[in-house]
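Have a look at target.pdb; it's PDB, C-alpha atoms:
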MODEL        1
ATOM      1  CA  LEU A 186       2.193 -21.639   8.712
ATOM      2  CA  GLN A 187       5.253 -22.452   6.590
ATOM      3  CA  GLN A 188       4.975 -26.150   7.497
ATOM      4  CA  VAL A 189       1.310 -26.220   6.549
ATOM      5  CA  LEU A 190       1.926 -24.461   3.249
ATOM      6  CA  GLU A 191       4.717 -26.877   2.319
ATOM      7  CA  ALA A 192       2.806 -30.017   3.361
ATOM      8  CA  PRO A 193       1.732 -32.357   0.530
ATOM      9  CA  PRO A 194      -1.924 -33.303  -0.058
ATOM     10  CA  PRO A 195      -4.207 -34.164   1.693
ATOM     11  CA  GLU A 196      -2.804 -31.748   4.304
ATOM     12  CA  ARG A 197      -2.847 -28.894   1.835
ATOM     13  CA  LEU A 198      -4.304 -25.695   3.253
ATOM     14  CA  CYS A 199      -7.703 -24.799   1.794
ATOM     15  CA  PHE A 200      -9.963 -21.808   2.346
ATOM     16  CA  GLN A 201     -13.700 -21.588   1.996
ATOM     17  CA  ASN A 202     -13.601 -17.903   1.141
ATOM     18  CA  LEU A 203     -11.286 -14.940   0.590
ATOM     19  CA  ARG A 204     -11.995 -13.450   4.008
ATOM     20  CA  ASP A 205     -10.565 -16.503   5.805
ATOM     21  CA  PHE A 206      -7.410 -16.291   3.703
ATOM     22  CA  LEU A 207      -6.971 -12.579   4.444
ATOM     23  CA  GLU A 208      -7.509 -13.205   8.154
ATOM     24  CA  LEU A 209      -4.725 -15.795   8.102
ATOM     25  CA  VAL A 210      -2.385 -13.373   6.331
ATOM     26  CA  ARG A 211      -3.197 -10.628   8.841
ATOM     27  CA  HIS A 212      -2.513 -12.882  11.822
ATOM     28  CA  ALA A 213       0.677 -14.170  10.205
ATOM     29  CA  LEU A 214       1.917 -10.588   9.821
ATOM     30  CA  GLU A 215       1.086  -9.791  13.446
ATOM     31  CA  GLU A 216       2.928 -12.896  14.629
ATOM     32  CA  ALA A 217       5.923 -12.075  12.453
ATOM     33  CA  GLU A 218       6.079  -8.558  13.915
ATOM     34  CA  LEU A 219       6.315 -10.046  17.401
ATOM     35  CA  GLU A 220       8.418 -13.158  16.849
ATOM     36  CA  THR A 221      10.705 -12.449  13.882
ATOM     37  CA  PRO A 222      10.217  -8.875  12.623
ATOM     38  CA  ASP A 223      13.462  -9.034  10.634
ATOM     39  CA  VAL A 224      11.804 -11.298   8.024
ATOM     40  CA  LEU A 225       9.506  -8.405   7.066
ATOM     41  CA  TRP A 226      12.418  -6.261   5.883
ATOM     42  CA  SER A 227      14.774  -6.396   2.942
ATOM     43  CA  GLU A 228      18.453  -6.786   3.793
ATOM     44  CA  TRP A 229      19.117  -3.189   2.753
ATOM     45  CA  ASP A 230      16.344  -1.714   4.905
ATOM     46  CA  LEU A 231      17.216  -3.978   7.823
ATOM     47  CA  ASN A 232      20.775  -2.668   7.798
ATOM     48  CA  LEU A 233      19.365   0.861   7.670
ATOM     49  CA  VAL A 234      17.273   0.205  10.787
ATOM     50  CA  ARG A 235      20.236  -1.407  12.518
ATOM     51  CA  GLU A 236      22.504   1.568  11.825
ATOM     52  CA  SER A 237      19.869   4.002  13.080
ATOM     53  CA  PHE A 238      19.517   2.002  16.287
ATOM     54  CA  ARG A 239      23.280   1.897  16.825
ATOM     55  CA  LYS A 240      23.528   5.646  16.352
ATOM     56  CA  TYR A 241      21.180   6.355  19.270
ATOM     57  CA  SER A 242      21.817   3.343  21.525
ATOM     58  CA  SER A 243      24.075   2.978  24.538
ATOM     59  CA  LYS A 244      27.359   1.226  23.787
ATOM     60  CA  THR A 245      27.467  -0.335  27.260
ATOM     61  CA  SER A 246      23.938  -1.783  27.483
ATOM     62  CA  ASN A 247      23.274  -2.124  23.738
ATOM     63  CA  THR A 248      19.840  -0.612  24.334
ATOM     64  CA  MET A 249      18.355   2.678  23.209
ATOM     65  CA  PRO A 250      16.697   5.200  25.553
ATOM     66  CA  VAL A 251      13.092   5.596  24.502
ATOM     67  CA  VAL A 252      13.581   9.381  24.477
ATOM     68  CA  ASN A 253      15.735   8.873  21.350
ATOM     69  CA  LEU A 254      12.986   7.004  19.523
ATOM     70  CA  PHE A 255      11.664   9.930  17.469
ATOM     71  CA  GLN A 256      15.146  10.853  16.269
ATOM     72  CA  ALA A 257      16.034   7.257  15.417
ATOM     73  CA  ILE A 258      12.794   6.813  13.454
ATOM     74  CA  GLU A 259      13.311  10.139  11.662
ATOM     75  CA  VAL A 260      16.820   9.097  10.561
ATOM     76  CA  LEU A 261      15.356   6.121   8.697
ATOM     77  CA  GLY A 262      14.067   8.580   6.107
ATOM     78  CA  PHE A 263      10.776   6.809   5.354
ATOM     79  CA  PRO A 264       8.129   9.364   4.244
ATOM     80  CA  GLU A 265       5.463   7.470   6.206
ATOM     81  CA  LEU A 266       7.419   7.907   9.447
ATOM     82  CA  ASN A 267       7.841  11.665   9.558
ATOM     83  CA  MET A 268       7.981  12.732  13.198
ATOM     84  CA  LYS A 269       7.877  16.518  12.740
ATOM     85  CA  THR A 270       4.515  17.194  14.386
ATOM     86  CA  SER A 271       3.225  16.486  17.889
ATOM     87  CA  ASP A 272       0.319  14.436  16.470
ATOM     88  CA  GLN A 273       2.738  12.133  14.656
ATOM     89  CA  GLN A 274       4.845  11.764  17.784
ATOM     90  CA  ARG A 275       1.787  10.905  19.883
ATOM     91  CA  TRP A 276       0.787   8.328  17.256
ATOM     92  CA  LEU A 277       4.216   6.659  17.450
ATOM     93  CA  ALA A 278       4.187   6.809  21.261
ATOM     94  CA  GLN A 279       0.881   4.905  21.301
ATOM     95  CA  ILE A 280       2.316   2.265  18.973
ATOM     96  CA  THR A 281       5.386   1.965  21.214
ATOM     97  CA  LYS A 282       3.252   1.398  24.313
ATOM     98  CA  ALA A 283       1.160  -1.205  22.485
ATOM     99  CA  VAL A 284       4.230  -3.061  21.201
ATOM    100  CA  LEU A 285       5.938  -3.138  24.605
ATOM    101  CA  ALA A 286       2.715  -4.173  26.353
ATOM    102  CA  ARG A 287       2.210  -7.055  23.932
ATOM    103  CA  LYS A 288       5.824  -8.107  24.371
ATOM    104  CA  GLU A 289       5.427  -8.139  28.150
ATOM    105  CA  HIS A 290       2.159 -10.066  27.907
ATOM    106  CA  ARG A 291       3.752 -12.807  25.851
ATOM    107  CA  LYS A 292       7.518 -13.014  25.897
ATOM    108  CA  SER A 293       8.854 -14.132  22.525
ATOM    109  CA  PRO A 294      10.743 -17.484  22.490
ATOM    110  CA  VAL A 295      13.040 -15.961  19.911
ATOM    111  CA  GLU A 296      13.852 -13.104  22.273
ATOM    112  CA  ILE A 297      14.570 -15.444  25.139
ATOM    113  CA  SER A 298      16.804 -17.655  22.978
ATOM    114  CA  ARG A 299      18.726 -14.595  21.823
ATOM    115  CA  ARG A 300      18.930 -13.110  25.339
ATOM    116  CA  GLU A 301      16.970 -10.066  24.282
ATOM    117  CA  SER A 302      14.253 -10.369  26.924
ATOM    118  CA  TRP A 303      15.388  -7.198  28.713
ATOM    119  CA  ALA A 304      12.548  -5.012  29.890
ATOM    120  CA  PRO A 305      12.641  -1.739  31.866
ATOM    121  CA  PRO A 306      11.404  -1.587  35.471
ATOM    122  CA  PRO A 307       7.566  -1.552  35.727
ATOM    123  CA  ASN A 308       7.515   2.081  36.853
ATOM    124  CA  ALA A 309       9.622   3.159  33.868
ATOM    125  CA  ARG A 310       8.242   0.985  31.097
ATOM    126  CA  ALA A 311       7.374   3.060  28.021
ATOM    127  CA  GLY A 312       8.180   6.174  30.048
ATOM    128  CA  LEU A 313      11.138   8.522  29.902
ATOM    129  CA  GLY A 314      13.373   6.031  31.741
ATOM    130  CA  ALA A 315      12.617   3.087  29.475
ATOM    131  CA  HIS A 316      15.108   1.526  27.089
ATOM    132  CA  LEU A 317      14.528  -0.437  23.897
ATOM    133  CA  THR A 318      16.381  -3.423  22.508
ATOM    134  CA  PHE A 319      17.071  -3.571  18.795
ATOM    135  CA  ARG A 320      14.195  -6.012  18.331
ATOM    136  CA  ASP A 321      11.883  -3.651  20.223
ATOM    137  CA  PHE A 322      12.903  -0.858  17.857
ATOM    138  CA  LEU A 323      12.428  -3.123  14.845
ATOM    139  CA  ARG A 324       8.967  -4.152  16.062
ATOM    140  CA  ILE A 325       7.945  -0.532  16.564
ATOM    141  CA  ALA A 326       9.193   0.491  13.114
ATOM    142  CA  SER A 327       7.457  -2.521  11.508
ATOM    143  CA  ARG A 328       4.132  -1.811  13.218
ATOM    144  CA  ALA A 329       4.317   1.928  12.485
ATOM    145  CA  LEU A 330       5.030   1.341   8.792
ATOM    146  CA  ARG A 331       2.214  -1.197   8.500
ATOM    147  CA  ASP A 332      -0.280   1.116  10.207
ATOM    148  CA  ALA A 333       0.807   4.099   8.086
ATOM    149  CA  GLU A 334       0.544   2.088   4.860
ATOM    150  CA  LYS A 335      -2.852   0.743   5.917
ATOM    151  CA  GLU A 336      -4.139   4.257   6.540
ATOM    152  CA  SER A 337      -2.716   5.415   3.207
ATOM    153  CA  ARG A 338      -4.447   2.553   1.367
ATOM    154  CA  ARG A 339      -7.721   3.345   3.157
ATOM    155  CA  HIS A 340      -7.484   6.985   2.068
ATOM    156  CA  GLU A 341      -6.643   5.968  -1.520
ATOM    157  CA  PHE A 342      -9.600   3.576  -1.577
ATOM    158  CA  GLN A 343     -12.014   6.237  -0.298
ATOM    159  CA  THR A 344     -10.747   8.756  -2.854
ATOM    160  CA  GLU A 345     -10.987   6.170  -5.609
ATOM    161  CA  CYS A 346     -14.584   5.339  -4.647
ATOM    162  CA  GLU A 347     -15.508   9.013  -4.741
ATOM    163  CA  VAL A 348     -14.003   9.493  -8.221
ATOM    164  CA  ILE A 349     -15.782   6.364  -9.479
ATOM    165  CA  ARG A 350     -19.078   7.574  -8.051
ATOM    166  CA  CYS A 351     -18.757  11.036  -9.600
ATOM    167  CA  SER A 352     -17.627   9.584 -12.927
ATOM    168  CA  SER A 353     -20.391   6.951 -13.118
ATOM    169  CA  PHE A 354     -17.871   4.282 -14.089
ATOM    170  CA  GLY A 355     -19.097   0.700 -13.939
ATOM    171  CA  VAL A 356     -17.322  -2.021 -11.954
ATOM    172  CA  LEU A 357     -15.855  -3.819 -14.957
ATOM    173  CA  GLN A 358     -15.055  -0.482 -16.512
ATOM    174  CA  VAL A 359     -12.905   0.358 -13.504
ATOM    175  CA  GLU A 360     -11.100  -2.973 -13.843
ATOM    176  CA  ASP A 361     -10.418  -2.101 -17.484
ATOM    177  CA  MET A 362      -8.958   1.165 -16.205
ATOM    178  CA  ARG A 363      -6.648  -0.722 -13.843
ATOM    179  CA  GLU A 364      -5.219  -2.659 -16.756
ATOM    180  CA  LEU A 365      -4.831   0.539 -18.767
ATOM    181  CA  HIS A 366      -3.157   2.221 -15.808
ATOM    182  CA  GLY A 367      -0.624  -0.594 -15.630
ATOM    183  CA  SER A 368       0.068  -0.235 -19.347
ATOM    184  CA  PHE A 369       0.385   3.543 -18.985
ATOM    185  CA  CYS A 370       2.892   3.220 -16.124
ATOM    186  CA  ALA A 371       4.959   0.710 -18.122
ATOM    187  CA  LEU A 372       4.944   3.046 -21.120
ATOM    188  CA  LYS A 373       5.986   5.993 -18.995
ATOM    189  CA  ILE A 374       8.942   4.056 -17.594
ATOM    190  CA  SER A 375      10.077   3.062 -21.078
ATOM    191  CA  MET A 376       9.648   6.600 -22.452
ATOM    192  CA  VAL A 377      12.349   8.223 -20.338
ATOM    193  CA  GLY A 378      12.108  12.003 -20.180
ATOM    194  CA  LYS A 379       8.753  12.139 -21.971
ATOM    195  CA  ALA A 380       5.677  13.942 -20.676
ATOM    196  CA  ASN A 381       2.490  12.311 -19.388
ATOM    197  CA  SER A 382       0.693  13.393 -22.551
ATOM    198  CA  ASP A 383       3.253  11.513 -24.688
ATOM    199  CA  ALA A 384       2.681   8.274 -22.797
ATOM    200  CA  MET A 385      -1.098   8.758 -22.904
ATOM    201  CA  GLN A 386      -0.967   9.517 -26.621
ATOM    202  CA  GLU A 387       0.931   6.270 -27.221
ATOM    203  CA  LEU A 388      -1.514   4.327 -25.035
ATOM    204  CA  LEU A 389      -4.594   5.703 -26.770
ATOM    205  CA  GLN A 390      -3.053   5.060 -30.168
ATOM    206  CA  ARG A 391      -2.515   1.411 -29.240
ATOM    207  CA  ILE A 392      -6.104   1.147 -27.990
ATOM    208  CA  THR A 393      -7.768   2.785 -30.966
ATOM    209  CA  GLN A 394      -5.243   1.592 -33.553
ATOM    210  CA  ASP A 395      -5.351   5.077 -34.993
ATOM    211  CA  ALA A 396      -3.332   8.255 -34.511
ATOM    212  CA  ALA A 397      -5.095  11.095 -32.696
ATOM    213  CA  ASP A 398      -5.665  14.274 -34.660
ATOM    214  CA  SER A 399      -3.993  17.557 -33.743
ATOM    215  CA  ALA A 400      -7.053  18.913 -31.916
ATOM    216  CA  ASP A 401      -7.253  15.840 -29.676
ATOM    217  CA  LEU A 402      -3.509  15.979 -29.002
ATOM    218  CA  GLN A 403      -3.798  19.560 -27.851
ATOM    219  CA  LYS A 404      -6.650  18.579 -25.535
ATOM    220  CA  LEU A 405      -4.461  15.838 -24.063
ATOM    221  CA  ARG A 406      -1.506  18.161 -23.487
ATOM    222  CA  THR A 407      -3.723  20.695 -21.733
ATOM    223  CA  LEU A 408      -5.485  18.062 -19.640
ATOM    224  CA  LEU A 409      -2.357  16.183 -18.525
ATOM    225  CA  ARG A 410      -0.082  19.167 -17.973
ATOM    226  CA  PRO A 411       0.984  19.070 -14.286
ATOM    227  CA  THR A 412       0.865  22.334 -12.392
ATOM    228  CA  ASP A 413       2.059  23.544  -9.002
ATOM    229  CA  ALA A 414      -0.049  25.189  -6.276
ATOM    230  CA  LYS A 415      -0.053  28.476  -8.217
ATOM    231  CA  GLY A 416      -1.217  26.874 -11.452
ATOM    232  CA  ARG A 417       2.166  27.044 -13.142
ATOM    233  CA  GLU A 418       3.435  24.121 -15.208
ATOM    234  CA  SER A 419       5.728  21.815 -13.251
ATOM    235  CA  LYS A 420       8.203  19.859 -15.346
ATOM    236  CA  GLU A 421       9.464  17.911 -12.324
ATOM    237  CA  ALA A 422       6.014  16.407 -11.735
ATOM    238  CA  GLN A 423       6.108  14.857 -15.215
ATOM    239  CA  GLN A 424       8.584  12.245 -13.941
ATOM    240  CA  GLU A 425       6.628  11.279 -10.825
ATOM    241  CA  PRO A 426       4.522   8.073 -10.733
ATOM    242  CA  VAL A 427       0.856   8.569 -11.581
ATOM    243  CA  PRO A 428      -1.551   7.162  -8.938
ATOM    244  CA  PHE A 429      -4.505   5.145 -10.175
ATOM    245  CA  VAL A 430      -7.006   7.710  -8.873
ATOM    246  CA  THR A 431      -5.285  10.435 -10.938
ATOM    247  CA  PHE A 432      -5.446   8.179 -13.985
ATOM    248  CA  LEU A 433      -9.167   7.633 -13.337
ATOM    249  CA  ARG A 434      -9.750  11.384 -13.303
ATOM    250  CA  TRP A 435      -7.845  11.723 -16.567
ATOM    251  CA  MET A 436      -9.950   9.032 -18.241
ATOM    252  CA  ARG A 437     -13.131  10.658 -16.956
ATOM    253  CA  ASP A 438     -12.036  14.007 -18.402
ATOM    254  CA  ILE A 439     -10.942  12.378 -21.677
ATOM    255  CA  ARG A 440     -14.416  10.927 -21.978
ATOM    256  CA  GLU A 441     -16.025  14.283 -21.257
ATOM    257  CA  ILE A 442     -13.931  16.272 -23.752
ATOM    258  CA  GLY A 443     -14.625  13.681 -26.433
ATOM    259  CA  ILE A 444     -11.375  12.096 -27.627
ATOM    260  CA  GLU A 445     -12.196  10.142 -30.767
ATOM    261  CA  GLY A 446     -12.094   6.339 -30.704
ATOM    262  CA  LEU A 447     -12.685   5.812 -26.982
ATOM    263  CA  SER A 448     -16.468   5.566 -26.926
ATOM    264  CA  SER A 449     -16.457   1.757 -27.027
ATOM    265  CA  LEU A 450     -14.054   1.544 -24.093
ATOM    266  CA  LEU A 451     -15.525   4.256 -21.888
ATOM    267  CA  GLY A 452     -19.117   3.416 -22.706
ATOM    268  CA  ARG A 453     -19.161   0.146 -20.771
ATOM    269  CA  ARG A 454     -21.176   0.007 -17.576
ATOM    270  CA  GLY A 455     -21.186  -2.406 -14.661
ATOM    271  CA  SER A 456     -24.560  -4.070 -15.306
ATOM    272  CA  ASP A 457     -23.015  -6.899 -17.344
ATOM    273  CA  ILE A 458     -21.108  -8.467 -14.438
ATOM    274  CA  THR A 459     -21.290 -12.244 -14.488
ATOM    275  CA  MET A 460     -19.128 -14.942 -12.962
ATOM    276  CA  GLU A 461     -18.188 -16.012 -16.497
ATOM    277  CA  GLU A 462     -16.901 -12.513 -17.204
ATOM    278  CA  LEU A 463     -14.897 -12.410 -13.968
ATOM    279  CA  GLU A 464     -13.352 -15.844 -14.583
ATOM    280  CA  LYS A 465     -11.588 -14.365 -17.602
ATOM    281  CA  ARG A 466      -9.759 -11.859 -15.429
ATOM    282  CA  ARG A 467      -6.979 -12.011 -12.838
ATOM    283  CA  GLY A 468      -5.859  -9.872  -9.914
ATOM    284  CA  PHE A 469      -6.744  -9.164  -6.291
ATOM    285  CA  HIS A 470      -9.595  -6.778  -7.133
ATOM    286  CA  ILE A 471     -11.147  -9.446  -9.346
ATOM    287  CA  ALA A 472     -10.863 -11.984  -6.514
ATOM    288  CA  VAL A 473     -12.776  -9.581  -4.244
ATOM    289  CA  LEU A 474     -15.450  -9.085  -6.911
ATOM    290  CA  LYS A 475     -15.813 -12.846  -7.332
ATOM    291  CA  GLU A 476     -16.263 -13.223  -3.589
ATOM    292  CA  GLN A 477     -18.915 -10.492  -3.450
ATOM    293  CA  LEU A 478     -20.779 -11.840  -6.480
ATOM    294  CA  ALA A 479     -20.740 -15.388  -5.108
ATOM    295  CA  LEU A 480     -22.180 -14.192  -1.773
ATOM    296  CA  PHE A 481     -24.829 -12.187  -3.620
ATOM    297  CA  LEU A 482     -25.840 -15.155  -5.766
ATOM    298  CA  GLU A 483     -25.964 -17.459  -2.723
ATOM    299  CA  SER A 484     -28.205 -15.007  -0.878
ATOM    300  CA  GLY A 485     -30.892 -15.467  -3.523
ATOM    301  CA  VAL A 486     -31.654 -11.743  -3.642
ATOM    302  CA  PRO A 487     -33.405 -11.051  -6.954
ATOM    303  CA  GLY A 488     -31.630  -8.634  -9.275
ATOM    304  CA  SER A 489     -33.064  -5.197  -9.964
TER     305      SER A 489
ENDMDL
END
Show this structure as structure tokens.
Amino acid sequence: LQQVLEAPPPERLCFQNLRDFLELVRHALEEAELETPDVLWSEWDLNLVRESFRKYSSKTSNTMPVVNLFQAIEVLGFPELNMKTSDQQRWLAQITKAVLARKEHRKSPVEISRRESWAPPPNARAGLGAHLTFRDFLRIASRALRDAEKESRRHEFQTECEVIRCSSFGVLQVEDMRELHGSFCALKISMVGKANSDAMQELLQRITQDAADSADLQKLRTLLRPTDAKGRESKEAQQEPVPFVTFLRWMRDIREIGIEGLSSLLGRRGSDITMEELEKRRGFHIAVLKEQLALFLESGVPGS
């Protein structure tokens, strides 16, 4: 893949559509997990994984008993890899079996060259008597993180779709919200120690080019005040990152309570989508919209 990407024209890699490109990326990630999983990690995180493996591995064989896997993964401290419950442990055990089975099916040339092709006896593989090399452990951690992040993104997407549906936001309107969300997050980082309402007030003032009145400011403070499970104000939550779906809910509520000056922004709908409009925009979501619109136009389905 690297050779193809670095090749000069006319050998330059071209794609007919976004789906083909994403398929290539997916396969490249899967190959990297098997052949060279270390390239998927930063140097800091890779050292963290290495130290965790050393803590639970045998000093004589330089392998780790598979019964230590849950502890070694837990020590990494990644929120996505919490092994507290039996369901989470079963999930990781399934990933471990899949990783070891794929390794056995196709031995990695990198493993062989590095003399890391050790595998447990057939009757012990992936069982209580199995042992893992460092690269096995790294593969398992890489696959588990990727699967956990994929599931998290799927959940975020489903929640986002539900908020959009309930809010009756148009497609381009949502893309406007993404840009505003990015601006809000940048403002919040620069306004150290300030509340969400302060960052939102500054954002809305820049949008409307006018200061909000006292009544609107009070509405913002009430709307954006974070609370705990008992409904009490939580100052700690003010410093946490704001997910896009939370920002969408805020903008929906701001529209409903009637903050002055936002009618032109929040009044847009999705019926004005054209390829010319999308060409003015950038980002992955816009690329997906372009792909969908192009397929729709090629299908010849008449618009409603």
Requested in this report: Could you check which of A:Leu214, A:Met385, A:Leu233, A:Val430 is closest to A:Arg338, using all atoms listed in the file?
Outcome: A:Val430
Expected axis-aligned box over every listed atom of stretch 324-340 of chain A, 8 Å added per side, centre plus edges in Å to one decimal, as JSON:
{"center_x": 0.7, "center_y": 1.4, "center_z": 9.0, "size_x": 32.9, "size_y": 27.1, "size_z": 31.2}
Requested in this report: Go through A:Ile442, A:Leu219, A:Leu261, A:Val251 one by one, measure the shortest atom-to-atom distance of each to A:Lys288 using all atoms listed in the file, and give the residue with the smallest value.
Outcome: A:Leu219
Query raised in the report: Applied to this file, what does the PyMOL selection byres ((chain A and resi 201-212) around 8) return in terms of residues, put as a VMD selection string?
Result: chain A and resid 199 to 200 213 to 216 472 to 473 476
**Report entry** Residues within 10 Å of A:Pro428, all atoms listed in the file, excluding chain neighbours under 2 positions, as number ranges by chain
**Finding:** A: 341, 366, 370, 425-426, 430-433
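With all atoms listed in the file as the basis for measurement, A:Ile439 is the residue among A:Leu254, A:Asp321, A:Arg434, A:Ile439 that approaches A:Leu402 most closely.
Take atom CA of A:Glu265 and atom CA of A:Thr281: the distance between them is 16.0 Å.
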Report task. Write out as a PyMOL selection string which residues come within 12 Å of A:Trp276 when counting all atoms listed in the file, dropping same-chain ones fewer than 3 positions away. Result -> chain A and resi 255+266-273+279-283+325+328-330+332-333
